[in-house]
Amino acid sequence: MTESSPVPLFRCVLFVAVLLGLSESPVVSGDQSSAAERPVVQQPADAVVVGINGHYRVGHPTMIRLVEPLESNPSAAEASNHVFDGYLESTDGDGVRVRYDPIPDSTGGQIGYVVPGSEAAPLKIVRREDGTTRDLVNMRFPTAGDPTLGPTMIPSVMPWVIAIGDPLGVDRIGVSNVLVDKTASIAVTKITDAQSLPLNNLGYGGVDLVMINAPGADVLASMTITQQDALATWLRHGGKMMVCLGESAGQIAQAAPWLIEMLPIEEVAIERYDPAAFEMFMSSQNPLSDFRGVKLPRRVGRALISGRTTRRITAVQAAEYVVGFGHVAVVAADLDRPEFAEWPERLEFVTQLAGEMLTPQSENRDVRDRSTTFGDLAGQMRGTLDQFPIKTSFSFSFLSVIVMLLIAAIGPLDYLLINRVFGKPLLGWLSFPIIAIALSAVLVTQAAPNVAKSASEKVPGENSVGNTLELLRANQFQVTDIDLIDGVGRGFAWCTVYSHEPVEVDLRYSTFEAMEPIRQADANGPTTFVFPMGYPGKVFGGIEMANENSVFGQYEVTPKSLGRGMETSVQQLTIAPRSSKSLAARVSFTPKTVPDIGVTRRPGSELLRGEFVNPLPYDILDGVLVYGNWVYLLPTRVPAGASVPQLNDLRQKNFRWRLTRQHSLEKNETETTPWSPSDFTDSKRVAEMMMFHRAAGGELYTGLRHDALGDLDLSDVLVEDRCILVGRTEVPLFDLQVRDRGDQSETFDRHEGDVLSVVRVILPVRTTRLN
């Protein structure tokens, strides 16, 4: 009997073992102590509140509050500073453990902020005691459910409303009295105690709307100055409010004078209004009686409802005002009063004033009939930032051919050649390892870093920082927004860090030096909070991990005071070989005031005229000036402080046409370039869409939602008295710095990678007569 060749199954097992032996093990470091080594004191379930009254969103900074701020026998640090002496632990979107240190000056039981990476992510509260640590709480974040029943995770497609007062029936949207499983489609968090409101504007992350009316006056009066500043900062940074200032406007003005100061209301004067305008706005057949409300200015903001007083004087009864990058809708009526509560059209009236914000969306339509796994514009930006020239990529078809050739080589070809041609089956023990090793060597060689191709990435002024970090790259997208009207500054930075070799690094965003020319010297800030960016699901794509990732060591998010601001660093971050990690930063600062700055509008038209001066101490590249639906194309480079003599001489385009790449054809026809969600090659194009998504048509044009980073969209700020300067800066305003922990270096250095730094400046528009 002829001797048979080696068993094919054994050959396959041996080949897999060879490949596993060639793979590199990631660096595992950091705090490896087990939770079992620390004593655990389990607190009651209601001793900890996550988010705002138990409501939170995945991927957003979430406030953690202890109902009892300090236990008996507090530590020395707690007793002297009245702050929590410890830290928080959770997991990011990759399932890696993250330690969050408390934000400086956290008091009142609000011990810190955590960015949960998934639904029901673990949460651990650890307290320091006499040189040791003790677990106070070991729990999980709430799962998704009915927001009316208690703590729950709020999906990205569900609007989230904070009601300081009466929710005006918004909490009943989607609720059915017949179907038991028909729950509310709007998440409403009712605030009955001011202690549940955040002390930092980060705590409002993910909130879509804050409603304020007369029943919430007691809560407003109980808010601390820190809580008032937090809510006001959230509004100026892109939040949205709906305020009812009816007959009880004086009560709200007394409880929250800071709120009235942000509105263009010089005096809280009460008028009696004819309800005909409300009835006509809703086409209602149910009459209302006369009502009393605050007198709103007629020539400021955008009038939503115009009517008359009972004295037949024209008056604005509802208006929308731009405050910084946010919006406030003011209704000159107490909609919580019985005469409005009994009005059948009240709920529809509220939803009409709020616009699309209170329109429930179907979660199932996000990724249906689409070639991508994500349903949000942030998912496309994530894919765009994850493109690195240094990383050699192979198509799926190429890898399939390699696998087929391998199977053929160790199967039929090996058998026919060794057994039939040479007649020596024992040579199979030699041919198989030769083929496996040769193929592995070829694949390893082809997977080498493409350093020559990525050499063109290097940004002027960057230096190599050691052998390990020479193969580290970081692609960045940065947006700096400056409002020169209300004196508000904010920033968002998103970086994806790639390493070809296993590495453990510290990262931070340095903003003090870069922002010094535009920051007001005597103001607080800048304040920077860095956190892990992205999570698996329908927003960013990806599959959620079932268990915690125990391969990588825990890394730390460490905020610390720096001058009158705050800087956050990420320490002991492990990046596996040939993989990437995403981080983001939120920045808040007060810009310098620029006197006599702005542009002039032709009376009775949407066209601008006169001189334009670059108000920034930086050169503006590829800049445009956007006013209404018109965009003015500035010169390729506008130096700092330089001027354009006449805006009339600049080329003008329809803004929406520019965003959608629409152009005219013959016979008065137009053609629009369709949006491709699977295109990851043009970061500028994706960034442009993120900054003005609604102006381009929103989801109707892109097929993608814009929930995760919807606050970056300034389409609604394009009102009559404001225009926006948009352009790139040559030098990034947020300086990402990296330190290799393996080199025991104490200095942070710059890195290589593509950086897209965009700045947007809101300028006042004046109307003057033509000479």
# chains A, B, ... in the order shown; residues from 1 in each chain; ligands from 1
$ select_by_dssp --residues "stretch 547-755 of chain A" --states "alpha helix (DSSP H)" --output "PDB file with N, CA, C and O atoms, in the first residue's frame"
ATOM      1  N   PHE A 655     -25.329  79.611  -2.037  1.00  0.00           N
ATOM      2  CA  PHE A 655     -24.655  78.796  -1.022  1.00  0.00           C
ATOM      3  C   PHE A 655     -25.085  77.326  -1.090  1.00  0.00           C
ATOM      4  O   PHE A 655     -24.265  76.419  -1.000  1.00  0.00           O
ATOM      5  N   ARG A 656     -26.371  77.101  -1.244  1.00  0.00           N
ATOM      6  CA  ARG A 656     -26.837  75.717  -1.312  1.00  0.00           C
ATOM      7  C   ARG A 656     -26.311  75.021  -2.566  1.00  0.00           C
ATOM      8  O   ARG A 656     -25.971  73.842  -2.524  1.00  0.00           O
ATOM      9  N   TRP A 657     -26.237  75.734  -3.663  1.00  0.00           N
ATOM     10  CA  TRP A 657     -25.668  75.145  -4.872  1.00  0.00           C
ATOM     11  C   TRP A 657     -24.201  74.773  -4.652  1.00  0.00           C
ATOM     12  O   TRP A 657     -23.736  73.756  -5.144  1.00  0.00           O
ATOM     13  N   ARG A 658     -23.495  75.616  -3.930  1.00  0.00           N
ATOM     14  CA  ARG A 658     -22.079  75.321  -3.667  1.00  0.00           C
ATOM     15  C   ARG A 658     -21.933  74.080  -2.796  1.00  0.00           C
ATOM     16  O   ARG A 658     -21.049  73.238  -3.016  1.00  0.00           O
ATOM     17  N   LEU A 659     -22.800  73.954  -1.790  1.00  0.00           N
ATOM     18  CA  LEU A 659     -22.707  72.799  -0.902  1.00  0.00           C
ATOM     19  C   LEU A 659     -23.053  71.506  -1.621  1.00  0.00           C
ATOM     20  O   LEU A 659     -22.437  70.462  -1.369  1.00  0.00           O
ATOM     21  N   THR A 660     -24.033  71.544  -2.489  1.00  0.00           N
ATOM     22  CA  THR A 660     -24.480  70.334  -3.186  1.00  0.00           C
ATOM     23  C   THR A 660     -23.817  70.163  -4.544  1.00  0.00           C
ATOM     24  O   THR A 660     -24.171  69.239  -5.281  1.00  0.00           O
ATOM     25  N   SER A 683     -11.740  64.884   3.071  1.00  0.00           N
ATOM     26  CA  SER A 683     -12.109  65.342   4.415  1.00  0.00           C
ATOM     27  C   SER A 683     -12.689  66.750   4.387  1.00  0.00           C
ATOM     28  O   SER A 683     -13.563  67.087   5.196  1.00  0.00           O
ATOM     29  N   LYS A 684     -12.233  67.603   3.450  1.00  0.00           N
ATOM     30  CA  LYS A 684     -12.760  68.964   3.377  1.00  0.00           C
ATOM     31  C   LYS A 684     -14.240  68.950   3.006  1.00  0.00           C
ATOM     32  O   LYS A 684     -15.028  69.724   3.531  1.00  0.00           O
ATOM     33  N   ARG A 685     -14.603  68.071   2.117  1.00  0.00           N
ATOM     34  CA  ARG A 685     -15.998  67.982   1.675  1.00  0.00           C
ATOM     35  C   ARG A 685     -16.890  67.504   2.819  1.00  0.00           C
ATOM     36  O   ARG A 685     -17.975  68.044   3.046  1.00  0.00           O
ATOM     37  N   VAL A 686     -16.445  66.499   3.559  1.00  0.00           N
ATOM     38  CA  VAL A 686     -17.233  65.988   4.680  1.00  0.00           C
ATOM     39  C   VAL A 686     -17.334  67.047   5.775  1.00  0.00           C
ATOM     40  O   VAL A 686     -18.398  67.248   6.377  1.00  0.00           O
ATOM     41  N   ALA A 687     -16.218  67.748   6.041  1.00  0.00           N
ATOM     42  CA  ALA A 687     -16.235  68.795   7.066  1.00  0.00           C
ATOM     43  C   ALA A 687     -17.187  69.924   6.690  1.00  0.00           C
ATOM     44  O   ALA A 687     -17.923  70.451   7.538  1.00  0.00           O
ATOM     45  N   GLU A 688     -17.188  70.308   5.416  1.00  0.00           N
ATOM     46  CA  GLU A 688     -18.098  71.349   4.947  1.00  0.00           C
ATOM     47  C   GLU A 688     -19.556  70.949   5.176  1.00  0.00           C
ATOM     48  O   GLU A 688     -20.384  71.776   5.583  1.00  0.00           O
ATOM     49  N   MET A 689     -19.861  69.669   4.940  1.00  0.00           N
ATOM     50  CA  MET A 689     -21.235  69.210   5.121  1.00  0.00           C
ATOM     51  C   MET A 689     -21.602  69.161   6.604  1.00  0.00           C
ATOM     52  O   MET A 689     -22.741  69.459   6.989  1.00  0.00           O
ATOM     53  N   MET A 690     -20.646  68.801   7.465  1.00  0.00           N
ATOM     54  CA  MET A 690     -20.924  68.769   8.898  1.00  0.00           C
ATOM     55  C   MET A 690     -21.194  70.168   9.437  1.00  0.00           C
ATOM     56  O   MET A 690     -21.985  70.344  10.362  1.00  0.00           O
ATOM     57  N   MET A 691     -20.564  71.175   8.855  1.00  0.00           N
ATOM     58  CA  MET A 691     -20.704  72.533   9.371  1.00  0.00           C
ATOM     59  C   MET A 691     -21.962  73.229   8.878  1.00  0.00           C
ATOM     60  O   MET A 691     -22.433  74.185   9.507  1.00  0.00           O
ATOM     61  N   GLU A 699     -30.753  65.532   5.707  1.00  0.00           N
ATOM     62  CA  GLU A 699     -30.818  64.109   5.408  1.00  0.00           C
ATOM     63  C   GLU A 699     -31.388  63.830   4.025  1.00  0.00           C
ATOM     64  O   GLU A 699     -31.089  62.799   3.419  1.00  0.00           O
ATOM     65  N   LEU A 700     -32.188  64.734   3.501  1.00  0.00           N
ATOM     66  CA  LEU A 700     -32.736  64.543   2.161  1.00  0.00           C
ATOM     67  C   LEU A 700     -31.635  64.522   1.106  1.00  0.00           C
ATOM     68  O   LEU A 700     -31.778  63.895   0.050  1.00  0.00           O
ATOM     69  N   TYR A 701     -30.528  65.243   1.366  1.00  0.00           N
ATOM     70  CA  TYR A 701     -29.423  65.275   0.404  1.00  0.00           C
ATOM     71  C   TYR A 701     -28.386  64.192   0.681  1.00  0.00           C
ATOM     72  O   TYR A 701     -27.992  63.451  -0.221  1.00  0.00           O
ATOM     73  N   THR A 702     -27.928  64.088   1.919  1.00  0.00           N
ATOM     74  CA  THR A 702     -26.838  63.156   2.226  1.00  0.00           C
ATOM     75  C   THR A 702     -27.319  61.739   2.500  1.00  0.00           C
ATOM     76  O   THR A 702     -26.547  60.791   2.379  1.00  0.00           O
TER      77      THR A 702
END
$ residues_around --residues "stretch 508-513 of chain A" --least-positions-apart "4" --cutoff "8 Å" --atoms "only C-alpha atoms" --output "PyMOL selection string"
chain A and resi 526+528+530+567-570+585+733-738
$ write_last_selection --atoms "all heavy atoms" --output "short mmCIF file (atom, residue, chain, number, x, y, z; two decimals), in the first residue's frame"
data_model
loop_
_atom_site.label_atom_id
_atom_site.label_comp_id
_atom_site.auth_asym_id
_atom_site.auth_seq_id
_atom_site.Cartn_x
_atom_site.Cartn_y
_atom_site.Cartn_z
N PRO A 526 -8.61 79.07 28.28
CA PRO A 526 -9.56 78.12 27.72
C PRO A 526 -9.72 76.88 28.58
O PRO A 526 -8.83 76.51 29.34
CB PRO A 526 -8.95 77.78 26.36
CG PRO A 526 -7.50 78.01 26.53
CD PRO A 526 -7.36 79.14 27.50
N THR A 528 -10.48 72.86 28.32
CA THR A 528 -10.39 71.76 27.36
C THR A 528 -10.72 70.45 28.05
O THR A 528 -10.18 70.15 29.11
CB THR A 528 -8.98 71.67 26.76
OG1 THR A 528 -8.61 72.94 26.22
CG2 THR A 528 -8.92 70.62 25.67
N VAL A 530 -10.90 66.40 27.02
CA VAL A 530 -10.58 65.39 26.02
C VAL A 530 -11.24 64.08 26.43
O VAL A 530 -11.23 63.72 27.62
CB VAL A 530 -9.06 65.21 25.88
CG1 VAL A 530 -8.72 64.21 24.78
CG2 VAL A 530 -8.39 66.55 25.59
N GLU A 567 -7.06 72.00 31.47
CA GLU A 567 -6.45 71.22 30.40
C GLU A 567 -6.59 69.74 30.74
O GLU A 567 -6.41 69.34 31.89
CB GLU A 567 -4.98 71.59 30.21
CG GLU A 567 -4.33 70.89 29.03
CD GLU A 567 -2.88 71.32 28.86
OE1 GLU A 567 -2.02 70.82 29.63
OE2 GLU A 567 -2.61 72.14 27.97
N THR A 568 -6.91 68.94 29.74
CA THR A 568 -7.12 67.51 29.95
C THR A 568 -6.09 66.73 29.15
O THR A 568 -5.86 67.03 27.98
CB THR A 568 -8.53 67.09 29.51
OG1 THR A 568 -9.50 67.91 30.18
CG2 THR A 568 -8.80 65.63 29.86
N SER A 569 -5.50 65.74 29.78
CA SER A 569 -4.55 64.87 29.10
C SER A 569 -5.04 63.43 29.18
O SER A 569 -5.78 63.06 30.09
CB SER A 569 -3.15 64.98 29.72
OG SER A 569 -3.18 64.57 31.08
N VAL A 570 -4.66 62.64 28.20
CA VAL A 570 -4.94 61.21 28.17
C VAL A 570 -3.64 60.47 28.40
O VAL A 570 -2.68 60.65 27.62
CB VAL A 570 -5.58 60.79 26.83
CG1 VAL A 570 -5.81 59.29 26.79
CG2 VAL A 570 -6.90 61.53 26.62
N ALA A 585 -11.93 66.54 21.59
CA ALA A 585 -11.77 67.57 22.62
C ALA A 585 -12.82 68.65 22.41
O ALA A 585 -13.11 69.04 21.27
CB ALA A 585 -10.37 68.17 22.59
N LEU A 733 -5.04 75.50 15.49
CA LEU A 733 -5.21 76.25 16.74
C LEU A 733 -5.18 75.34 17.95
O LEU A 733 -4.96 75.80 19.08
CB LEU A 733 -6.52 77.04 16.70
CG LEU A 733 -6.65 78.05 15.56
CD1 LEU A 733 -7.92 78.87 15.73
CD2 LEU A 733 -5.44 78.96 15.50
N PHE A 734 -5.46 74.05 17.76
CA PHE A 734 -5.37 73.08 18.86
C PHE A 734 -4.17 72.18 18.55
O PHE A 734 -4.19 71.42 17.58
CB PHE A 734 -6.64 72.25 18.97
CG PHE A 734 -7.90 73.08 19.04
CD1 PHE A 734 -8.97 72.82 18.20
CD2 PHE A 734 -7.99 74.12 19.92
CE1 PHE A 734 -10.10 73.59 18.25
CE2 PHE A 734 -9.13 74.90 19.99
CZ PHE A 734 -10.19 74.64 19.15
N ASP A 735 -3.15 72.28 19.37
CA ASP A 735 -1.89 71.59 19.12
C ASP A 735 -1.91 70.23 19.83
O ASP A 735 -1.81 70.16 21.06
CB ASP A 735 -0.73 72.45 19.64
CG ASP A 735 0.62 71.88 19.22
OD1 ASP A 735 0.64 70.96 18.39
OD2 ASP A 735 1.64 72.37 19.74
N LEU A 736 -2.04 69.15 19.06
CA LEU A 736 -2.02 67.81 19.62
C LEU A 736 -0.57 67.39 19.86
O LEU A 736 0.24 67.37 18.93
CB LEU A 736 -2.70 66.81 18.68
CG LEU A 736 -2.70 65.35 19.13
CD1 LEU A 736 -3.52 65.19 20.41
CD2 LEU A 736 -3.26 64.45 18.04
N GLN A 737 -0.26 67.05 21.10
CA GLN A 737 1.10 66.69 21.48
C GLN A 737 1.12 65.27 22.04
O GLN A 737 0.18 64.85 22.73
CB GLN A 737 1.66 67.67 22.50
CG GLN A 737 1.71 69.11 21.99
CD GLN A 737 2.18 70.09 23.03
OE1 GLN A 737 2.30 69.77 24.21
NE2 GLN A 737 2.46 71.32 22.61
N VAL A 738 2.21 64.55 21.73
CA VAL A 738 2.32 63.14 22.08
C VAL A 738 3.62 62.92 22.85
O VAL A 738 4.65 63.52 22.55
CB VAL A 738 2.30 62.25 20.82
CG1 VAL A 738 2.30 60.78 21.20
CG2 VAL A 738 1.10 62.58 19.95
#
$ closest_residue --among "A:Leu471, A:Ala47, A:Ala408, A:Leu704" --to "A:Gln380" --atoms "only C-alpha atoms"
A:Leu704
$ atom_distance --atom1 "atom CA of A:Val421" --atom2 "atom CA of A:Ile402"
24.7 Å
$ closest_atom_pairs --of "stretch 512-627 of chain A" --to "stretch 191-210 of chain A" --cutoff "10 Å" --atoms "only C-alpha atoms" --output "JSON lines"
{"residue": "A:Phe529", "atom": "CA", "partner": "A:Leu202", "partner_atom": "CA", "distance": 8.7}
{"residue": "A:Arg586", "atom": "CA", "partner": "A:Leu202", "partner_atom": "CA", "distance": 8.7}
{"residue": "A:Ser588", "atom": "CA", "partner": "A:Asn201", "partner_atom": "CA", "distance": 9.9}
$ closest_residue --among "A:Ser90, A:Thr189, A:Ser440, A:Asn654" --to "A:Pro159" --atoms "only C-alpha atoms"
A:Thr189
